[in-house]
$ cat query_5.txt   # compact mmCIF, N, CA, C and O atoms
# COMPACT_ATOMS: atom_id res chain seq x y z
N MET A 1461 148.48 53.95 141.38
CA MET A 1461 149.06 54.18 140.07
C MET A 1461 149.48 55.65 139.99
O MET A 1461 148.72 56.54 140.36
N SER A 1462 150.67 55.89 139.49
CA SER A 1462 151.15 57.26 139.42
C SER A 1462 150.62 57.96 138.17
O SER A 1462 150.36 57.33 137.15
N GLU A 1463 150.46 59.26 138.29
CA GLU A 1463 150.00 60.07 137.15
C GLU A 1463 151.16 60.30 136.18
O GLU A 1463 152.32 60.31 136.58
N ILE A 1464 150.81 60.49 134.92
CA ILE A 1464 151.79 60.85 133.91
C ILE A 1464 151.34 62.15 133.25
O ILE A 1464 150.18 62.55 133.36
N THR A 1465 152.25 62.76 132.54
CA THR A 1465 151.91 63.97 131.81
C THR A 1465 151.52 63.61 130.38
O THR A 1465 151.76 62.48 129.93
N TYR A 1466 150.96 64.57 129.66
CA TYR A 1466 150.65 64.32 128.25
C TYR A 1466 151.93 64.02 127.48
O TYR A 1466 151.93 63.17 126.59
N ASP A 1467 153.02 64.68 127.85
CA ASP A 1467 154.30 64.42 127.17
C ASP A 1467 154.74 62.96 127.37
O ASP A 1467 155.29 62.36 126.46
N ASP A 1468 154.48 62.40 128.56
CA ASP A 1468 154.78 60.98 128.80
C ASP A 1468 153.95 60.12 127.86
O ASP A 1468 154.46 59.19 127.24
N PHE A 1469 152.65 60.40 127.78
CA PHE A 1469 151.75 59.64 126.91
C PHE A 1469 152.18 59.75 125.45
O PHE A 1469 152.16 58.75 124.71
N ALA A 1470 152.59 60.93 125.03
CA ALA A 1470 152.96 61.17 123.63
C ALA A 1470 154.19 60.36 123.22
O ALA A 1470 154.40 60.12 122.03
N LYS A 1471 154.98 59.90 124.17
CA LYS A 1471 156.15 59.08 123.85
C LYS A 1471 155.77 57.68 123.37
O LYS A 1471 156.55 57.01 122.71
N VAL A 1472 154.56 57.23 123.73
CA VAL A 1472 154.10 55.90 123.32
C VAL A 1472 153.44 56.05 121.95
O VAL A 1472 152.41 56.70 121.81
N ASP A 1473 154.04 55.46 120.94
CA ASP A 1473 153.56 55.60 119.57
C ASP A 1473 152.61 54.43 119.25
O ASP A 1473 153.05 53.33 118.93
N ILE A 1474 151.31 54.71 119.37
CA ILE A 1474 150.28 53.70 119.12
C ILE A 1474 149.67 54.00 117.76
O ILE A 1474 149.13 55.09 117.54
N ARG A 1475 149.75 53.02 116.85
CA ARG A 1475 149.27 53.20 115.48
C ARG A 1475 148.28 52.10 115.10
O ARG A 1475 148.28 51.03 115.68
N VAL A 1476 147.50 52.39 114.09
CA VAL A 1476 146.59 51.39 113.55
C VAL A 1476 147.28 50.69 112.38
O VAL A 1476 147.98 51.32 111.59
N GLY A 1477 147.08 49.38 112.35
CA GLY A 1477 147.64 48.59 111.26
C GLY A 1477 146.66 47.50 110.86
O GLY A 1477 145.64 47.29 111.52
N ARG A 1478 146.99 46.80 109.78
CA ARG A 1478 146.15 45.70 109.29
C ARG A 1478 146.97 44.41 109.29
O ARG A 1478 148.09 44.38 108.79
N VAL A 1479 146.40 43.36 109.88
CA VAL A 1479 147.05 42.06 109.91
C VAL A 1479 147.10 41.52 108.48
O VAL A 1479 146.07 41.37 107.83
N ILE A 1480 148.34 41.25 107.99
CA ILE A 1480 148.49 40.77 106.62
C ILE A 1480 148.97 39.33 106.54
O ILE A 1480 148.92 38.72 105.47
N ASP A 1481 149.45 38.78 107.66
CA ASP A 1481 149.86 37.37 107.68
C ASP A 1481 149.78 36.87 109.12
O ASP A 1481 150.03 37.62 110.07
N VAL A 1482 149.42 35.61 109.26
CA VAL A 1482 149.34 34.95 110.57
C VAL A 1482 149.92 33.55 110.41
O VAL A 1482 149.55 32.82 109.49
N GLN A 1483 150.82 33.18 111.32
CA GLN A 1483 151.42 31.85 111.30
C GLN A 1483 151.34 31.25 112.70
O GLN A 1483 151.37 31.97 113.70
N PRO A 1484 151.25 29.93 112.78
CA PRO A 1484 151.31 29.28 114.09
C PRO A 1484 152.65 29.57 114.76
O PRO A 1484 153.65 29.82 114.08
N PHE A 1485 152.66 29.51 116.08
CA PHE A 1485 153.90 29.71 116.83
C PHE A 1485 154.02 28.58 117.87
O PHE A 1485 153.91 28.80 119.07
N PRO A 1486 154.28 27.36 117.39
CA PRO A 1486 154.30 26.21 118.30
C PRO A 1486 155.44 26.25 119.32
O PRO A 1486 155.35 25.60 120.36
N GLU A 1487 156.49 27.03 119.06
CA GLU A 1487 157.62 27.10 119.99
C GLU A 1487 157.33 28.00 121.20
O GLU A 1487 158.09 27.98 122.17
N ALA A 1488 156.27 28.78 121.15
CA ALA A 1488 155.94 29.69 122.26
C ALA A 1488 155.56 28.89 123.50
O ALA A 1488 154.98 27.80 123.41
N ARG A 1489 155.87 29.44 124.67
CA ARG A 1489 155.54 28.77 125.93
C ARG A 1489 154.04 28.69 126.14
O ARG A 1489 153.53 27.70 126.67
N LYS A 1490 153.32 29.76 125.78
CA LYS A 1490 151.86 29.79 125.87
C LYS A 1490 151.32 29.83 124.45
O LYS A 1490 152.00 30.36 123.55
N PRO A 1491 150.12 29.32 124.21
CA PRO A 1491 149.58 29.33 122.84
C PRO A 1491 149.61 30.74 122.24
O PRO A 1491 149.17 31.70 122.86
N ALA A 1492 150.15 30.84 121.02
CA ALA A 1492 150.33 32.14 120.38
C ALA A 1492 150.37 31.99 118.86
O ALA A 1492 150.52 30.90 118.33
N PHE A 1493 150.22 33.14 118.21
CA PHE A 1493 150.42 33.25 116.77
C PHE A 1493 151.55 34.23 116.52
O PHE A 1493 151.82 35.12 117.33
N LYS A 1494 152.19 34.08 115.38
CA LYS A 1494 153.09 35.10 114.85
C LYS A 1494 152.26 35.89 113.84
O LYS A 1494 151.64 35.29 112.96
N VAL A 1495 152.22 37.21 113.99
CA VAL A 1495 151.45 38.03 113.06
C VAL A 1495 152.34 39.10 112.45
O VAL A 1495 153.30 39.57 113.07
N TRP A 1496 152.03 39.45 111.22
CA TRP A 1496 152.67 40.56 110.52
C TRP A 1496 151.59 41.61 110.30
O TRP A 1496 150.52 41.31 109.76
N VAL A 1497 151.89 42.84 110.75
CA VAL A 1497 150.91 43.93 110.69
C VAL A 1497 151.49 45.05 109.85
O VAL A 1497 152.61 45.52 110.09
N ASP A 1498 150.71 45.50 108.86
CA ASP A 1498 151.10 46.63 108.01
C ASP A 1498 150.62 47.91 108.67
O ASP A 1498 149.42 48.15 108.78
N TYR A 1499 151.57 48.74 109.12
CA TYR A 1499 151.26 50.00 109.77
C TYR A 1499 151.35 51.18 108.80
O TYR A 1499 151.50 52.32 109.23
N GLY A 1500 151.26 50.94 107.52
CA GLY A 1500 151.24 52.02 106.54
C GLY A 1500 152.62 52.40 106.05
O GLY A 1500 153.64 51.87 106.50
N PRO A 1501 152.66 53.35 105.08
CA PRO A 1501 153.92 53.67 104.40
C PRO A 1501 154.99 54.27 105.30
O PRO A 1501 156.18 54.07 105.06
N GLU A 1502 154.62 54.98 106.35
CA GLU A 1502 155.62 55.62 107.21
C GLU A 1502 156.37 54.59 108.07
O GLU A 1502 157.59 54.70 108.27
N ILE A 1503 155.68 53.57 108.54
CA ILE A 1503 156.26 52.60 109.46
C ILE A 1503 156.53 51.26 108.79
O ILE A 1503 157.52 50.60 109.07
N GLY A 1504 155.63 50.84 107.93
CA GLY A 1504 155.80 49.58 107.23
C GLY A 1504 155.25 48.40 108.02
O GLY A 1504 154.44 48.56 108.93
N VAL A 1505 155.74 47.21 107.69
CA VAL A 1505 155.26 45.98 108.29
C VAL A 1505 156.13 45.65 109.51
O VAL A 1505 157.35 45.70 109.44
N LYS A 1506 155.47 45.33 110.61
CA LYS A 1506 156.16 44.87 111.81
C LYS A 1506 155.54 43.54 112.23
O LYS A 1506 154.35 43.31 112.05
N LYS A 1507 156.36 42.69 112.81
CA LYS A 1507 155.87 41.38 113.25
C LYS A 1507 155.76 41.36 114.77
O LYS A 1507 156.47 42.09 115.47
N SER A 1508 154.86 40.49 115.24
CA SER A 1508 154.61 40.42 116.67
C SER A 1508 154.15 39.02 117.05
O SER A 1508 153.48 38.35 116.27
N SER A 1509 154.49 38.61 118.26
CA SER A 1509 153.95 37.39 118.84
C SER A 1509 152.74 37.78 119.67
O SER A 1509 152.82 38.69 120.51
N VAL A 1510 151.61 37.11 119.43
CA VAL A 1510 150.37 37.48 120.11
C VAL A 1510 149.71 36.25 120.74
O VAL A 1510 149.51 35.25 120.07
N GLN A 1511 149.38 36.35 122.01
CA GLN A 1511 148.73 35.26 122.73
C GLN A 1511 147.22 35.48 122.68
O GLN A 1511 146.60 35.87 123.67
N ILE A 1512 146.64 35.22 121.51
CA ILE A 1512 145.23 35.52 121.29
C ILE A 1512 144.48 34.33 120.70
O ILE A 1512 143.50 34.51 119.98
N THR A 1513 144.92 33.13 121.03
CA THR A 1513 144.36 31.94 120.39
C THR A 1513 142.99 31.53 120.93
O THR A 1513 142.33 30.69 120.32
N VAL A 1514 142.54 32.11 122.02
CA VAL A 1514 141.23 31.74 122.58
C VAL A 1514 140.10 32.27 121.71
O VAL A 1514 139.15 31.55 121.39
N HIS A 1515 140.19 33.54 121.31
CA HIS A 1515 139.10 34.18 120.58
C HIS A 1515 139.32 34.30 119.07
O HIS A 1515 138.40 34.70 118.35
N TYR A 1516 140.52 33.99 118.59
CA TYR A 1516 140.84 34.24 117.19
C TYR A 1516 141.49 33.03 116.53
O TYR A 1516 142.16 32.24 117.17
N THR A 1517 141.29 32.95 115.22
CA THR A 1517 141.97 31.98 114.37
C THR A 1517 142.74 32.79 113.33
O THR A 1517 142.46 33.98 113.14
N PRO A 1518 143.66 32.16 112.62
CA PRO A 1518 144.34 32.90 111.55
C PRO A 1518 143.35 33.52 110.56
O PRO A 1518 143.53 34.66 110.11
N GLU A 1519 142.28 32.80 110.26
CA GLU A 1519 141.31 33.30 109.28
C GLU A 1519 140.57 34.55 109.79
O GLU A 1519 140.26 35.45 109.02
N THR A 1520 140.27 34.60 111.09
CA THR A 1520 139.55 35.77 111.62
C THR A 1520 140.48 36.95 111.86
O THR A 1520 140.01 38.08 112.01
N LEU A 1521 141.78 36.70 111.90
CA LEU A 1521 142.74 37.78 112.10
C LEU A 1521 143.13 38.47 110.80
O LEU A 1521 143.36 39.68 110.79
N LEU A 1522 143.23 37.71 109.72
CA LEU A 1522 143.66 38.30 108.45
C LEU A 1522 142.74 39.43 108.03
O LEU A 1522 141.52 39.28 108.00
N GLY A 1523 143.34 40.57 107.73
CA GLY A 1523 142.57 41.73 107.27
C GLY A 1523 142.03 42.60 108.39
O GLY A 1523 141.53 43.70 108.14
N ARG A 1524 142.14 42.18 109.62
CA ARG A 1524 141.61 42.92 110.77
C ARG A 1524 142.51 44.11 111.08
O ARG A 1524 143.72 44.02 111.05
N GLN A 1525 141.89 45.26 111.38
CA GLN A 1525 142.66 46.41 111.84
C GLN A 1525 142.86 46.30 113.35
O GLN A 1525 141.92 45.97 114.09
N VAL A 1526 144.08 46.55 113.79
CA VAL A 1526 144.45 46.46 115.20
C VAL A 1526 145.26 47.69 115.59
O VAL A 1526 145.79 48.40 114.74
N LEU A 1527 145.37 47.91 116.89
CA LEU A 1527 146.23 48.96 117.41
C LEU A 1527 147.48 48.32 117.98
O LEU A 1527 147.42 47.24 118.59
N GLY A 1528 148.62 48.98 117.78
CA GLY A 1528 149.87 48.45 118.29
C GLY A 1528 150.84 49.54 118.67
O GLY A 1528 150.83 50.63 118.09
N VAL A 1529 151.67 49.25 119.67
CA VAL A 1529 152.77 50.14 120.04
C VAL A 1529 153.92 49.81 119.11
O VAL A 1529 154.39 48.66 119.08
N VAL A 1530 154.36 50.80 118.34
CA VAL A 1530 155.37 50.55 117.30
C VAL A 1530 156.76 51.07 117.66
O VAL A 1530 157.69 50.89 116.89
N ASN A 1531 156.90 51.70 118.83
CA ASN A 1531 158.22 52.25 119.16
C ASN A 1531 158.87 51.58 120.37
O ASN A 1531 159.75 52.15 121.00
N PHE A 1532 158.48 50.34 120.69
CA PHE A 1532 159.23 49.54 121.66
C PHE A 1532 160.43 48.95 120.94
O PHE A 1532 160.38 48.66 119.74
N PRO A 1533 161.52 48.69 121.67
CA PRO A 1533 162.62 47.97 121.03
C PRO A 1533 162.19 46.54 120.74
O PRO A 1533 161.34 45.98 121.44
N PRO A 1534 162.77 45.90 119.71
CA PRO A 1534 162.43 44.51 119.42
C PRO A 1534 162.70 43.61 120.63
O PRO A 1534 163.59 43.89 121.43
N ARG A 1535 161.92 42.54 120.72
CA ARG A 1535 162.05 41.60 121.84
C ARG A 1535 162.12 40.18 121.28
O ARG A 1535 161.28 39.79 120.46
N GLN A 1536 163.11 39.45 121.73
CA GLN A 1536 163.26 38.06 121.29
C GLN A 1536 162.33 37.17 122.10
O GLN A 1536 162.39 37.14 123.32
N ILE A 1537 161.44 36.46 121.42
CA ILE A 1537 160.52 35.53 122.07
C ILE A 1537 160.80 34.16 121.47
O ILE A 1537 160.32 33.84 120.38
N GLY A 1538 161.62 33.38 122.16
CA GLY A 1538 162.07 32.11 121.60
C GLY A 1538 162.82 32.39 120.31
O GLY A 1538 163.67 33.27 120.26
N PRO A 1539 162.47 31.68 119.23
CA PRO A 1539 163.18 31.88 117.97
C PRO A 1539 162.64 33.05 117.14
O PRO A 1539 163.08 33.29 116.03
N PHE A 1540 161.68 33.80 117.68
CA PHE A 1540 160.98 34.86 116.94
C PHE A 1540 161.31 36.23 117.51
O PHE A 1540 161.32 36.41 118.72
N ARG A 1541 161.55 37.19 116.64
CA ARG A 1541 161.85 38.57 117.07
C ARG A 1541 160.60 39.43 116.90
O ARG A 1541 160.19 39.73 115.78
N SER A 1542 160.00 39.80 118.01
CA SER A 1542 158.78 40.62 118.01
C SER A 1542 159.17 42.09 117.92
O SER A 1542 160.01 42.56 118.69
N GLU A 1543 158.55 42.83 116.99
CA GLU A 1543 158.94 44.22 116.72
C GLU A 1543 157.90 45.24 117.16
O GLU A 1543 158.15 46.44 117.09
N ALA A 1544 156.73 44.80 117.58
CA ALA A 1544 155.66 45.71 118.01
C ALA A 1544 154.80 44.98 119.03
O ALA A 1544 154.86 43.76 119.16
N LEU A 1545 154.00 45.74 119.77
CA LEU A 1545 153.09 45.16 120.75
C LEU A 1545 151.66 45.42 120.29
O LEU A 1545 151.20 46.56 120.29
N VAL A 1546 150.98 44.36 119.85
CA VAL A 1546 149.58 44.47 119.46
C VAL A 1546 148.76 44.54 120.75
O VAL A 1546 148.98 43.76 121.68
N LEU A 1547 147.82 45.49 120.81
CA LEU A 1547 147.11 45.78 122.06
C LEU A 1547 145.79 45.06 122.18
O LEU A 1547 145.07 44.86 121.19
N GLY A 1548 145.45 44.69 123.40
CA GLY A 1548 144.19 44.03 123.69
C GLY A 1548 143.81 44.23 125.14
O GLY A 1548 144.55 44.82 125.93
N LEU A 1549 142.64 43.71 125.47
CA LEU A 1549 142.11 43.78 126.83
C LEU A 1549 141.71 42.38 127.27
O LEU A 1549 141.30 41.57 126.45
N PRO A 1550 141.78 42.09 128.58
CA PRO A 1550 141.37 40.77 129.04
C PRO A 1550 139.85 40.64 129.13
O PRO A 1550 139.17 41.59 129.52
N ASP A 1551 139.33 39.47 128.74
CA ASP A 1551 137.92 39.21 128.97
C ASP A 1551 137.76 38.72 130.41
O ASP A 1551 138.71 38.77 131.21
N GLU A 1552 136.58 38.22 130.76
CA GLU A 1552 136.32 37.81 132.14
C GLU A 1552 137.18 36.64 132.60
O GLU A 1552 137.36 36.42 133.80
N THR A 1553 137.76 35.89 131.66
CA THR A 1553 138.63 34.76 132.03
C THR A 1553 140.11 35.10 131.87
O THR A 1553 140.96 34.26 132.13
N GLY A 1554 140.42 36.30 131.39
CA GLY A 1554 141.80 36.71 131.18
C GLY A 1554 142.30 36.53 129.76
O GLY A 1554 143.42 36.90 129.45
N ALA A 1555 141.46 35.95 128.89
CA ALA A 1555 141.86 35.78 127.48
C ALA A 1555 141.84 37.15 126.79
O ALA A 1555 140.99 37.99 127.07
N VAL A 1556 142.76 37.35 125.88
CA VAL A 1556 142.92 38.66 125.23
C VAL A 1556 141.89 38.88 124.14
O VAL A 1556 141.67 38.01 123.29
N VAL A 1557 141.29 40.08 124.17
CA VAL A 1557 140.40 40.56 123.12
C VAL A 1557 141.09 41.77 122.50
O VAL A 1557 141.45 42.72 123.20
N LEU A 1558 141.33 41.72 121.20
CA LEU A 1558 142.04 42.81 120.51
C LEU A 1558 141.24 44.10 120.53
O LEU A 1558 140.00 44.08 120.53
N ILE A 1559 141.97 45.22 120.51
CA ILE A 1559 141.31 46.51 120.35
C ILE A 1559 141.68 47.08 118.99
O ILE A 1559 142.77 46.84 118.47
N GLY A 1560 140.74 47.79 118.41
CA GLY A 1560 140.96 48.39 117.10
C GLY A 1560 139.86 49.41 116.83
O GLY A 1560 138.93 49.56 117.64
N PRO A 1561 139.95 50.11 115.73
CA PRO A 1561 138.93 51.11 115.42
C PRO A 1561 137.58 50.46 115.10
O PRO A 1561 137.53 49.31 114.67
N GLY A 1562 136.52 51.21 115.32
CA GLY A 1562 135.18 50.72 115.01
C GLY A 1562 134.86 50.76 113.52
O GLY A 1562 133.92 50.10 113.08
N HIS A 1563 135.62 51.53 112.77
CA HIS A 1563 135.47 51.66 111.31
C HIS A 1563 136.87 51.60 110.71
O HIS A 1563 137.85 51.95 111.36
N ASP A 1564 136.96 51.20 109.45
CA ASP A 1564 138.27 51.22 108.79
C ASP A 1564 138.80 52.65 108.75
O ASP A 1564 138.06 53.60 108.47
N VAL A 1565 140.08 52.78 109.08
CA VAL A 1565 140.76 54.07 109.04
C VAL A 1565 142.06 53.88 108.28
O VAL A 1565 142.53 52.74 108.11
N PRO A 1566 142.69 54.96 107.81
CA PRO A 1566 143.94 54.82 107.07
C PRO A 1566 145.04 54.18 107.95
O PRO A 1566 145.18 54.51 109.13
N LEU A 1567 145.79 53.26 107.34
CA LEU A 1567 146.87 52.58 108.06
C LEU A 1567 147.91 53.59 108.52
O LEU A 1567 148.24 54.54 107.81
N GLY A 1568 148.42 53.36 109.72
CA GLY A 1568 149.45 54.24 110.28
C GLY A 1568 148.91 55.38 111.11
O GLY A 1568 149.68 56.10 111.72
N GLY A 1569 147.58 55.52 111.16
CA GLY A 1569 147.00 56.59 111.97
C GLY A 1569 147.44 56.47 113.42
O GLY A 1569 147.48 55.37 113.98
N LYS A 1570 147.79 57.60 114.04
CA LYS A 1570 148.31 57.62 115.41
C LYS A 1570 147.18 57.86 116.40
O LYS A 1570 146.37 58.76 116.21
N LEU A 1571 147.16 57.07 117.45
CA LEU A 1571 146.18 57.24 118.52
C LEU A 1571 146.50 58.50 119.29
O LEU A 1571 147.64 58.75 119.64
N PHE A 1572 145.48 59.30 119.54
CA PHE A 1572 145.66 60.50 120.38
C PHE A 1572 144.45 60.70 121.24
O PHE A 1572 143.46 60.04 121.10
$ encode --input "query_5.txt" --output "structure tokens"
Amino acid sequence: MSEITYDDFAKVDIRVGRVIDVQPFPEARKPAFKVWVDYGPEIGVKKSSVQITVHYTPETLLGRQVLGVVNFPPRQIGPFRSEALVLGLPDETGAVVLIGPGHDVPLGGKLF
């Protein structure tokens, strides 16, 4: 893996947001949800397709704080336009586990 500089890292805008809506995404190739995340007043609400159906339900996602990359260009995923990348880590089977702050923090806070 190649090294990057701090300036390279600073180009990736990772912010904290709160999941405000979750909908099924039956058209996705792999099981997924459509989520809307509020990243605070500076960025607003962005939507994303997330393949996190193993560990989460819509009910457990609503209100959860998550981290997401908010400065990727939008990506068309089937009929849905994803505007951010919600971040997670694989568990021992490869299923995604979301990452987020250990305590509630103000929406839109930038990871550094």
$ residues_around --input "query_5.txt" --residues "range 1544-1560 of chain A" --least-positions-apart "4" --cutoff "8 Å" --atoms "all atoms listed in the file" --output "list in words"
Asp1473, Ile1474, Arg1475, Val1476, Gly1477, Val1495, Lys1506, Lys1507, Ser1508, Ser1509, Val1510, Gln1511, Ile1512, Thr1513, Val1514, His1515, Tyr1516, Arg1524, Gln1525, Val1526, Leu1527, Gly1528, Val1529, Val1530, Asn1531, Phe1532, Pro1533, Pro1534 and Arg1535 of chain A
$ write_last_selection --input "query_5.txt" --atoms "N, CA, C and O atoms" --output "mmCIF file, in the frame of the given file"
data_model
loop_
_atom_site.group_PDB
_atom_site.id
_atom_site.type_symbol
_atom_site.label_atom_id
_atom_site.label_comp_id
_atom_site.auth_asym_id
_atom_site.auth_seq_id
_atom_site.Cartn_x
_atom_site.Cartn_y
_atom_site.Cartn_z
ATOM 1 N N ASP A 1473 154.040 55.460 120.940
ATOM 2 C CA ASP A 1473 153.560 55.600 119.570
ATOM 3 C C ASP A 1473 152.610 54.430 119.250
ATOM 4 O O ASP A 1473 153.050 53.330 118.930
ATOM 5 N N ILE A 1474 151.310 54.710 119.370
ATOM 6 C CA ILE A 1474 150.280 53.700 119.120
ATOM 7 C C ILE A 1474 149.670 54.000 117.760
ATOM 8 O O ILE A 1474 149.130 55.090 117.540
ATOM 9 N N ARG A 1475 149.750 53.020 116.850
ATOM 10 C CA ARG A 1475 149.270 53.200 115.480
ATOM 11 C C ARG A 1475 148.280 52.100 115.100
ATOM 12 O O ARG A 1475 148.280 51.030 115.680
ATOM 13 N N VAL A 1476 147.500 52.390 114.090
ATOM 14 C CA VAL A 1476 146.590 51.390 113.550
ATOM 15 C C VAL A 1476 147.280 50.690 112.380
ATOM 16 O O VAL A 1476 147.980 51.320 111.590
ATOM 17 N N GLY A 1477 147.080 49.380 112.350
ATOM 18 C CA GLY A 1477 147.640 48.590 111.260
ATOM 19 C C GLY A 1477 146.660 47.500 110.860
ATOM 20 O O GLY A 1477 145.640 47.290 111.520
ATOM 21 N N VAL A 1495 152.220 37.210 113.990
ATOM 22 C CA VAL A 1495 151.450 38.030 113.060
ATOM 23 C C VAL A 1495 152.340 39.100 112.450
ATOM 24 O O VAL A 1495 153.300 39.570 113.070
ATOM 25 N N LYS A 1506 155.470 45.330 110.610
ATOM 26 C CA LYS A 1506 156.160 44.870 111.810
ATOM 27 C C LYS A 1506 155.540 43.540 112.230
ATOM 28 O O LYS A 1506 154.350 43.310 112.050
ATOM 29 N N LYS A 1507 156.360 42.690 112.810
ATOM 30 C CA LYS A 1507 155.870 41.380 113.250
ATOM 31 C C LYS A 1507 155.760 41.360 114.770
ATOM 32 O O LYS A 1507 156.470 42.090 115.470
ATOM 33 N N SER A 1508 154.860 40.490 115.240
ATOM 34 C CA SER A 1508 154.610 40.420 116.670
ATOM 35 C C SER A 1508 154.150 39.020 117.050
ATOM 36 O O SER A 1508 153.480 38.350 116.270
ATOM 37 N N SER A 1509 154.490 38.610 118.260
ATOM 38 C CA SER A 1509 153.950 37.390 118.840
ATOM 39 C C SER A 1509 152.740 37.780 119.670
ATOM 40 O O SER A 1509 152.820 38.690 120.510
ATOM 41 N N VAL A 1510 151.610 37.110 119.430
ATOM 42 C CA VAL A 1510 150.370 37.480 120.110
ATOM 43 C C VAL A 1510 149.710 36.250 120.740
ATOM 44 O O VAL A 1510 149.510 35.250 120.070
ATOM 45 N N GLN A 1511 149.380 36.350 122.010
ATOM 46 C CA GLN A 1511 148.730 35.260 122.730
ATOM 47 C C GLN A 1511 147.220 35.480 122.680
ATOM 48 O O GLN A 1511 146.600 35.870 123.670
ATOM 49 N N ILE A 1512 146.640 35.220 121.510
ATOM 50 C CA ILE A 1512 145.230 35.520 121.290
ATOM 51 C C ILE A 1512 144.480 34.330 120.700
ATOM 52 O O ILE A 1512 143.500 34.510 119.980
ATOM 53 N N THR A 1513 144.920 33.130 121.030
ATOM 54 C CA THR A 1513 144.360 31.940 120.390
ATOM 55 C C THR A 1513 142.990 31.530 120.930
ATOM 56 O O THR A 1513 142.330 30.690 120.320
ATOM 57 N N VAL A 1514 142.540 32.110 122.020
ATOM 58 C CA VAL A 1514 141.230 31.740 122.580
ATOM 59 C C VAL A 1514 140.100 32.270 121.710
ATOM 60 O O VAL A 1514 139.150 31.550 121.390
ATOM 61 N N HIS A 1515 140.190 33.540 121.310
ATOM 62 C CA HIS A 1515 139.100 34.180 120.580
ATOM 63 C C HIS A 1515 139.320 34.300 119.070
ATOM 64 O O HIS A 1515 138.400 34.700 118.350
ATOM 65 N N TYR A 1516 140.520 33.990 118.590
ATOM 66 C CA TYR A 1516 140.840 34.240 117.190
ATOM 67 C C TYR A 1516 141.490 33.030 116.530
ATOM 68 O O TYR A 1516 142.160 32.240 117.170
ATOM 69 N N ARG A 1524 142.140 42.180 109.620
ATOM 70 C CA ARG A 1524 141.610 42.920 110.770
ATOM 71 C C ARG A 1524 142.510 44.110 111.080
ATOM 72 O O ARG A 1524 143.720 44.020 111.050
ATOM 73 N N GLN A 1525 141.890 45.260 111.380
ATOM 74 C CA GLN A 1525 142.660 46.410 111.840
ATOM 75 C C GLN A 1525 142.860 46.300 113.350
ATOM 76 O O GLN A 1525 141.920 45.970 114.090
ATOM 77 N N VAL A 1526 144.080 46.550 113.790
ATOM 78 C CA VAL A 1526 144.450 46.460 115.200
ATOM 79 C C VAL A 1526 145.260 47.690 115.590
ATOM 80 O O VAL A 1526 145.790 48.400 114.740
ATOM 81 N N LEU A 1527 145.370 47.910 116.890
ATOM 82 C CA LEU A 1527 146.230 48.960 117.410
ATOM 83 C C LEU A 1527 147.480 48.320 117.980
ATOM 84 O O LEU A 1527 147.420 47.240 118.590
ATOM 85 N N GLY A 1528 148.620 48.980 117.780
ATOM 86 C CA GLY A 1528 149.870 48.450 118.290
ATOM 87 C C GLY A 1528 150.840 49.540 118.670
ATOM 88 O O GLY A 1528 150.830 50.630 118.090
ATOM 89 N N VAL A 1529 151.670 49.250 119.670
ATOM 90 C CA VAL A 1529 152.770 50.140 120.040
ATOM 91 C C VAL A 1529 153.920 49.810 119.110
ATOM 92 O O VAL A 1529 154.390 48.660 119.080
ATOM 93 N N VAL A 1530 154.360 50.800 118.340
ATOM 94 C CA VAL A 1530 155.370 50.550 117.300
ATOM 95 C C VAL A 1530 156.760 51.070 117.660
ATOM 96 O O VAL A 1530 157.690 50.890 116.890
ATOM 97 N N ASN A 1531 156.900 51.700 118.830
ATOM 98 C CA ASN A 1531 158.220 52.250 119.160
ATOM 99 C C ASN A 1531 158.870 51.580 120.370
ATOM 100 O O ASN A 1531 159.750 52.150 121.000
ATOM 101 N N PHE A 1532 158.480 50.340 120.690
ATOM 102 C CA PHE A 1532 159.230 49.540 121.660
ATOM 103 C C PHE A 1532 160.430 48.950 120.940
ATOM 104 O O PHE A 1532 160.380 48.660 119.740
ATOM 105 N N PRO A 1533 161.520 48.690 121.670
ATOM 106 C CA PRO A 1533 162.620 47.970 121.030
ATOM 107 C C PRO A 1533 162.190 46.540 120.740
ATOM 108 O O PRO A 1533 161.340 45.980 121.440
ATOM 109 N N PRO A 1534 162.770 45.900 119.710
ATOM 110 C CA PRO A 1534 162.430 44.510 119.420
ATOM 111 C C PRO A 1534 162.700 43.610 120.630
ATOM 112 O O PRO A 1534 163.590 43.890 121.430
ATOM 113 N N ARG A 1535 161.920 42.540 120.720
ATOM 114 C CA ARG A 1535 162.050 41.600 121.840
ATOM 115 C C ARG A 1535 162.120 40.180 121.280
ATOM 116 O O ARG A 1535 161.280 39.790 120.460
#
$ atom_distance --input "query_5.txt" --atom1 "atom N of Gly1568 in chain A" --atom2 "atom O of Asp1498 in chain A"
5.4 Å
$ select_by_dssp --input "query_5.txt" --residues "chain A" --states "strand (DSSP E or B)" --output "PyMOL selection string"
chain A and resi 1474-1484+1493-1498+1505-1510+1525-1529+1535-1537+1540-1542+1545-1546+1548-1550+1556-1558+1570
$ residues_around --input "query_5.txt" --residues "range 1480-1489 of chain A" --least-positions-apart "3" --cutoff "8 Å" --atoms "only C-alpha atoms" --output "list in words"
Ala1492, Phe1493, Lys1494, Val1495, Trp1496, Val1497, Asp1498, Ser1509, Pro1518, Leu1521, Leu1522, Gly1523, Ile1537, Gly1538 and Pro1539 of chain A
$ select_by_dssp --input "query_5.txt" --residues "range 1491-1543 of chain A" --states "helix (DSSP H, G or I)" --output "ChimeraX atom specification"
/A:1518-1521
$ atom_distance --input "query_5.txt" --atom1 "CA of Arg1541 in chain A" --atom2 "atom C of Arg1478 in chain A"
17.8 Å
$ atom_distance --input "query_5.txt" --atom1 "CA of Asp1468 in chain A" --atom2 "CA of His1563 in chain A"
27.7 Å
